[in-house]
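Engineer: Dumping the structure here so I can ask a few things about it.
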Amino acid sequence: MTVFEPTPQARAAADRATVLADIARRRTLFVPDRDGRELLDLADLLDTVALSFYEEEAAMTDGIPGGAWLALTEAEEVAGDTPGTGFPPEFGQYIKHALDGGPLRTPEPLTLTGCHLAADDARLTAALGILHGHLAAATEEVAHALLEAVFSLHEKRAHLLGVVRG
């Protein structure tokens, strides 16, 4: 009988999913009820992602186990449908980055009217780019702290967009 042992990259991806689940749970304290429910759903899905990395062998093509891929896809859909969570629609890149070290995408600037709003978004986007650079070179322990900062900036961008949309 062969015992499955996750790779160091799979364990790092699982750890990142756990960090993001914790961020989602903490945010439930400060958002409206609907967004809070969606954040709890995100946290549960991210727990499934983390668990899948420990219980399933990865797919040959991308290193993501099937259960993790399904849960992460659903979590990204929830984030895309609920901007009030502060999670960007393609946040899964931060988990996948632990597997492949691929480049992290900085979001497109928001189309904002008003000089100060556009400038605020430009600063937030630039800061995300800087943190992405640090995340690419970080150890996993440091990556956890950087993810906290990255998701704080994503949350600020979501609030900025909420101000614009009214």
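Ordering of the structure tokens sets the chain letters (A, B, ...); residue numbers start at 1 within each chain; ligands are numbered from 1 in the order shown.
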With only C-alpha atoms as the counted atoms, please give the residues lying no more than 10 Å from A:Thr7, apart from itself and same-chain residues fewer than 5 positions off, as a ChimeraX atom specification.
Structural biologist: /A:12-13,53-54,57-58,63,99
Engineer: Near A:Leu110, counting only C-alpha atoms, which residues have an atom at most 10 Å away, once you skip same-chain residues fewer than 4 positions from it, shown as a list in words?
Structural biologist: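 The contact residues come out as Leu117, Ala118, Asp121, Ala122, Thr125, Arg157, Ala158, Leu160, Leu161 and Val164 of chain A.
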Engineer: Contacts of A:Ser52 at 9 Å or less, counting only C-alpha atoms, minus same-chain residues fewer than 5 places along, as JSON, numbers by chain?
Structural biologist: {"A": [14, 47, 57, 64, 65, 66, 67, 68, 69]}
Engineer: What parts of stretch 1-165 of chain A does DSSP call helix (DSSP H, G or I)? I'd like the answer as a PyMOL selection string.
Structural biologist: chain A and resi 8-30+33-55+66-81+83-85+93-100+115-137+140-165
Engineer: When you count only C-alpha atoms, which of these residues is closest to A:Val31: A:Pro8, A:Gly92, A:Gly101, A:Gly84?
Structural biologist: A:Gly84
Engineer: Counting only C-alpha atoms, figure out which residue out of A:Leu20, A:Leu131, A:Leu45, A:Ala75 gets nearest to A:Pro89.
Structural biologist: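 Checking each candidate against A:Pro89, we get A:Ala75 as the closest.
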Engineer: Measuring atom to atom with only C-alpha atoms, identify which of A:Ala143, A:Val3, A:Ala138, A:Ala149 is nearest to A:Glu55.
Structural biologist: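 Distance minimum relative to A:Glu55 lands on A:Val3.
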